[in-house]
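Working notes, beginning with the structure itself.
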Amino acid sequence: MTPLQFIKGVKAHWHPARLARNICFLMDNEIPDVLYQLKDEAVEDAVYEFDEDKLILPRLQIASAEETIDLLQNEPKSFARFGDGEIAIMEGRNGVFQTYDPRLAAKMKAILNTGRDDLYVGLNRSYFQSPFRYAERNHKYYRIHGTKLRRFFLRECDQSVRYLDASCFGAYFRFGAEFDYEGHYERILRLFEDKDLVVVAGQGVLEQLEFDVFERAASKRVIHGPKRNAFDEYDRLVEEVCAQSSKDTLVCLILGMTATAMAADLTDRGLVAWDIGHVAKDYDVYKRQVEKTQENMDAFWRD
């Protein structure tokens, strides 16, 4: 076969459009799966072949989930949380619940290194841990994406600041059967027990839940914001929260990425505000014992 015949044969069987489709398929399916397996094997080999020395690589001080909940319970102050969605906004990309806004990104970046006495800052500690302890979906996600997410925090955060665990609230879809779900959710319920709450949530989020994670609160007032792109109504929501709250109120924010910035701004107004993420939905699926299918898990993080 001559070189020209070879080129003609390749062209006949590998049309540019078909080649592009195949590359996209590999990127969406096989390549991430291979990367997932290779990284797991590399980590497992490292555990057996080398002594683990946490001083070899730079680290941040991040409390465990249990320590985080204890601090919120016993030494309460405001809590702003950072995970992959917040990183996306700070990098100029859209998050699942919020499109990029430079004002929001600037507010987030200003929080990371403050070391404020009146505000806990939470980072997703999972980026700095082995993902073997998590359920398969989370295990795979952290194995594929954890390195770049961890490097963002190492680049942007202050190693002298002690951070809390931003992933402390969620459990149901993260862990396997061996996890102490009953004990975890009992501790979560106690966080809100006998407190006067103002809950700021996307329209319809709380109303679709069968079980109420705030059931032990002394009182609860709900302020509705947009289910997505809550930052579009940021100033209005801050003013409404301040009008309905006092220094004895605990403000609970369920507003996606917007909650991170709002926790700090409400603290500046003399309030205690917690970005609590998906904990209301998380408690509801736990109580209903929703089947842990891929479809249900995808819907949980998407809706």
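Residues are referred to by chain and number: the chain letter is A, B, ... according to the order shown in the structure tokens, the number counts from 1 in that chain, and ligands are numbered separately from 1 in the order shown.
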Please provide the set of residues having any atom within 9 Å of A:Ser130, restricted to only C-alpha atoms, with same-chain residues fewer than 3 positions apart removed, written as a ChimeraX atom specification. /A:43,126-127,133-134,139,142-143
If DSSP is run on the backbone, what residues of stretch 121-288 of chain A are strand (DSSP E)? A reply as a CSV table (one decimal) with C-alpha atoms, in the first residue's frame would be ideal.
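Resulting contents of out-v4.csv:
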chain,number,residue,atom,x,y,z
A,121,VAL,CA,-14.6,30.1,56.7
A,122,GLY,CA,-15.2,26.5,55.5
A,123,LEU,CA,-13.2,24.7,52.7
A,162,ARG,CA,-7.6,27.5,60.6
A,163,TYR,CA,-10.5,26.7,58.3
A,164,LEU,CA,-13.6,24.6,59.0
A,165,ASP,CA,-15.0,21.8,56.8
A,196,ASP,CA,-35.1,31.7,66.4
A,197,LEU,CA,-34.4,31.3,62.7
A,198,VAL,CA,-34.6,33.3,59.6
A,199,VAL,CA,-34.2,31.0,56.7
A,200,VAL,CA,-33.4,32.5,53.2
A,201,ALA,CA,-34.0,29.9,50.5
A,202,GLY,CA,-34.8,29.7,46.8
A,219,SER,CA,-39.4,29.8,65.5
A,220,LYS,CA,-38.8,30.0,61.8
A,221,ARG,CA,-39.4,32.8,59.3
A,222,VAL,CA,-38.7,32.1,55.6
A,223,ILE,CA,-37.6,34.7,53.1
A,224,HIS,CA,-37.7,33.6,49.4
A,225,GLY,CA,-35.1,34.4,46.8
A,250,LEU,CA,-29.7,32.7,63.5
A,251,VAL,CA,-29.9,33.4,59.7
A,252,CYS,CA,-29.7,30.2,57.6
A,253,LEU,CA,-28.8,30.7,54.0
A,254,ILE,CA,-29.8,28.2,51.2
A,272,VAL,CA,-24.9,35.5,62.8
A,273,ALA,CA,-25.5,33.8,59.4
A,274,TRP,CA,-24.7,30.3,58.3
A,275,ASP,CA,-24.4,29.1,54.7
For the atom pair atom CA of A:Gly183 and atom CA of A:Ser78, what is the interatomic distance in Å to one decimal place? 23.8 Å
Close residues, A:Cys168 itself excluded, 10 Å, only C-alpha atoms, min 6 positions apart in chain, as a PDB file with C-alpha atoms, in the first residue's frame:
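The resulting file, result_38.pdb, is reproduced below:
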ATOM      1  CA  ALA A  63     -11.084  21.013  60.987  1.00  0.00           C
ATOM      2  CA  SER A  64     -12.920  17.718  60.591  1.00  0.00           C
ATOM      3  CA  ALA A  65     -16.670  17.600  59.981  1.00  0.00           C
ATOM      4  CA  GLU A  66     -17.240  16.581  63.601  1.00  0.00           C
ATOM      5  CA  GLU A  67     -15.041  19.395  64.933  1.00  0.00           C
ATOM      6  CA  THR A  68     -16.827  21.852  62.662  1.00  0.00           C
ATOM      7  CA  ILE A  69     -20.280  20.916  63.930  1.00  0.00           C
ATOM      8  CA  ARG A  81     -18.473  27.835  52.847  1.00  0.00           C
ATOM      9  CA  GLY A 122     -15.150  26.536  55.472  1.00  0.00           C
ATOM     10  CA  LEU A 123     -13.244  24.700  52.737  1.00  0.00           C
ATOM     11  CA  ASN A 124     -14.246  21.333  51.354  1.00  0.00           C
ATOM     12  CA  ARG A 125     -11.908  19.095  53.345  1.00  0.00           C
ATOM     13  CA  SER A 126     -12.558  16.217  50.955  1.00  0.00           C
ATOM     14  CA  HIS A 184     -24.906  12.665  62.260  1.00  0.00           C
ATOM     15  CA  ILE A 188     -27.461  18.543  62.806  1.00  0.00           C
ATOM     16  CA  ILE A 276     -25.947  25.664  55.202  1.00  0.00           C
ATOM     17  CA  VAL A 279     -28.625  20.271  54.432  1.00  0.00           C
TER      18      VAL A 279
END
Please compute the atom CA of A:Pro32-atom CA of A:Glu136 distance, one decimal, in Å.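 We find that atom CA of A:Pro32 and atom CA of A:Glu136 lie 14.1 Å from each other.
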Could you tell me which of A:Arg150, A:Lys227, A:His278, A:Arg59 comes closest to A:Phe173 if we count only C-alpha atoms?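 Closest candidate: A:His278.
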Identify, on the basis of only C-alpha atoms, every residue whose closest approach to stretch 289-302 of chain A does not exceed 9 Å; exclude the query and any residue fewer than 5 positions from it along the same chain; express the result as a short mmCIF file (atom, residue, chain, number, x, y, z; two decimals) with N, CA, C and O atoms, in the first residue's frame.
data_model
loop_
_atom_site.label_atom_id
_atom_site.label_comp_id
_atom_site.auth_asym_id
_atom_site.auth_seq_id
_atom_site.Cartn_x
_atom_site.Cartn_y
_atom_site.Cartn_z
N VAL A 96 -23.41 25.70 39.11
CA VAL A 96 -24.68 25.02 38.82
C VAL A 96 -25.86 25.93 39.10
O VAL A 96 -26.82 25.99 38.33
N PHE A 97 -25.80 26.69 40.21
CA PHE A 97 -26.93 27.51 40.64
C PHE A 97 -26.69 29.01 40.43
O PHE A 97 -27.55 29.81 40.79
N ARG A 137 -19.99 7.47 43.64
CA ARG A 137 -20.13 8.69 42.84
C ARG A 137 -19.17 9.78 43.33
O ARG A 137 -18.50 10.44 42.53
N TYR A 172 -25.91 11.91 53.25
CA TYR A 172 -26.69 10.78 52.76
C TYR A 172 -26.17 10.21 51.44
O TYR A 172 -26.04 8.99 51.28
N PHE A 173 -25.89 11.07 50.48
CA PHE A 173 -25.40 10.60 49.20
C PHE A 173 -23.87 10.55 49.13
O PHE A 173 -23.31 10.18 48.11
N HIS A 278 -27.00 22.33 51.17
CA HIS A 278 -28.10 21.41 50.84
C HIS A 278 -28.63 20.65 52.06
O HIS A 278 -29.30 19.63 51.89
N LYS A 281 -32.36 19.56 52.14
CA LYS A 281 -32.65 18.48 51.20
C LYS A 281 -31.99 17.18 51.64
O LYS A 281 -32.58 16.09 51.49
N ASP A 282 -30.79 17.29 52.17
CA ASP A 282 -30.05 16.11 52.60
C ASP A 282 -30.80 15.38 53.70
O ASP A 282 -30.93 14.14 53.68
N ASP A 284 -33.97 15.53 54.30
CA ASP A 284 -35.23 15.01 53.74
C ASP A 284 -35.01 13.68 53.03
O ASP A 284 -35.78 12.73 53.24
#
Identify, on the basis of only C-alpha atoms, every residue whose closest approach to A:Asn113 does not exceed 10 Å; exclude the query and any residue fewer than 5 positions from it along the same chain; express the result as a list in words.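 That gives Met108, Val121, Glu156, Cys157, Asp158, Gln159, Ser160 and Val161 of chain A.
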The selected residues should be written to file as an mmCIF file, in the first residue's frame (atoms: N, CA, C and O atoms).
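The resulting file, out05.cif, is reproduced below:
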data_model
loop_
_atom_site.group_PDB
_atom_site.id
_atom_site.type_symbol
_atom_site.label_atom_id
_atom_site.label_comp_id
_atom_site.auth_asym_id
_atom_site.auth_seq_id
_atom_site.Cartn_x
_atom_site.Cartn_y
_atom_site.Cartn_z
ATOM 1 N N MET A 108 -16.166 36.832 47.267
ATOM 2 C CA MET A 108 -15.673 35.536 47.724
ATOM 3 C C MET A 108 -14.170 35.564 47.979
ATOM 4 O O MET A 108 -13.690 35.083 49.013
ATOM 5 N N VAL A 121 -14.654 30.308 58.164
ATOM 6 C CA VAL A 121 -14.574 30.068 56.727
ATOM 7 C C VAL A 121 -14.366 28.570 56.516
ATOM 8 O O VAL A 121 -13.446 27.971 57.095
ATOM 9 N N GLU A 156 -4.791 30.061 46.944
ATOM 10 C CA GLU A 156 -5.551 31.244 47.345
ATOM 11 C C GLU A 156 -5.671 31.431 48.850
ATOM 12 O O GLU A 156 -5.961 32.538 49.305
ATOM 13 N N CYS A 157 -5.465 30.388 49.626
ATOM 14 C CA CYS A 157 -5.741 30.459 51.063
ATOM 15 C C CYS A 157 -4.478 30.690 51.884
ATOM 16 O O CYS A 157 -3.361 30.499 51.417
ATOM 17 N N ASP A 158 -4.702 31.075 53.119
ATOM 18 C CA ASP A 158 -3.623 31.402 54.055
ATOM 19 C C ASP A 158 -3.348 30.194 54.943
ATOM 20 O O ASP A 158 -4.235 29.740 55.684
ATOM 21 N N GLN A 159 -2.138 29.657 54.906
ATOM 22 C CA GLN A 159 -1.821 28.469 55.684
ATOM 23 C C GLN A 159 -1.808 28.721 57.190
ATOM 24 O O GLN A 159 -1.817 27.779 57.972
ATOM 25 N N SER A 160 -1.816 29.976 57.608
ATOM 26 C CA SER A 160 -1.837 30.275 59.037
ATOM 27 C C SER A 160 -3.257 30.328 59.603
ATOM 28 O O SER A 160 -3.448 30.382 60.809
ATOM 29 N N VAL A 161 -4.269 30.322 58.728
ATOM 30 C CA VAL A 161 -5.670 30.390 59.151
ATOM 31 C C VAL A 161 -6.209 28.979 59.362
ATOM 32 O O VAL A 161 -5.928 28.071 58.572
#
Counting only C-alpha atoms, what is within 7 Å of stretch 231-248 of chain A, bar same-chain residues fewer than 4 positions away, as JSON, numbers by chain? {"A": [198, 258, 270, 271]}
Go ahead and dump the residues you just picked, C-alpha atoms, as an mmCIF file, in the first residue's frame.
data_model
loop_
_atom_site.group_PDB
_atom_site.id
_atom_site.type_symbol
_atom_site.label_atom_id
_atom_site.label_comp_id
_atom_site.auth_asym_id
_atom_site.auth_seq_id
_atom_site.Cartn_x
_atom_site.Cartn_y
_atom_site.Cartn_z
ATOM 1 C CA VAL A 198 -34.647 33.350 59.580
ATOM 2 C CA THR A 258 -24.610 33.615 46.873
ATOM 3 C CA GLY A 270 -24.113 42.427 63.329
ATOM 4 C CA LEU A 271 -25.923 39.150 62.554
#
As a PyMOL selection string, please: every residue in stretch 115-146 of chain A that a backbone DSSP assignment puts in alpha helix (DSSP H). chain A and resi 136-146
Atomic distance atom CA of A:Ala218 - atom CA of A:Leu189, expressed in Å with one decimal: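 Here the two named atoms are 12.3 Å from each other.
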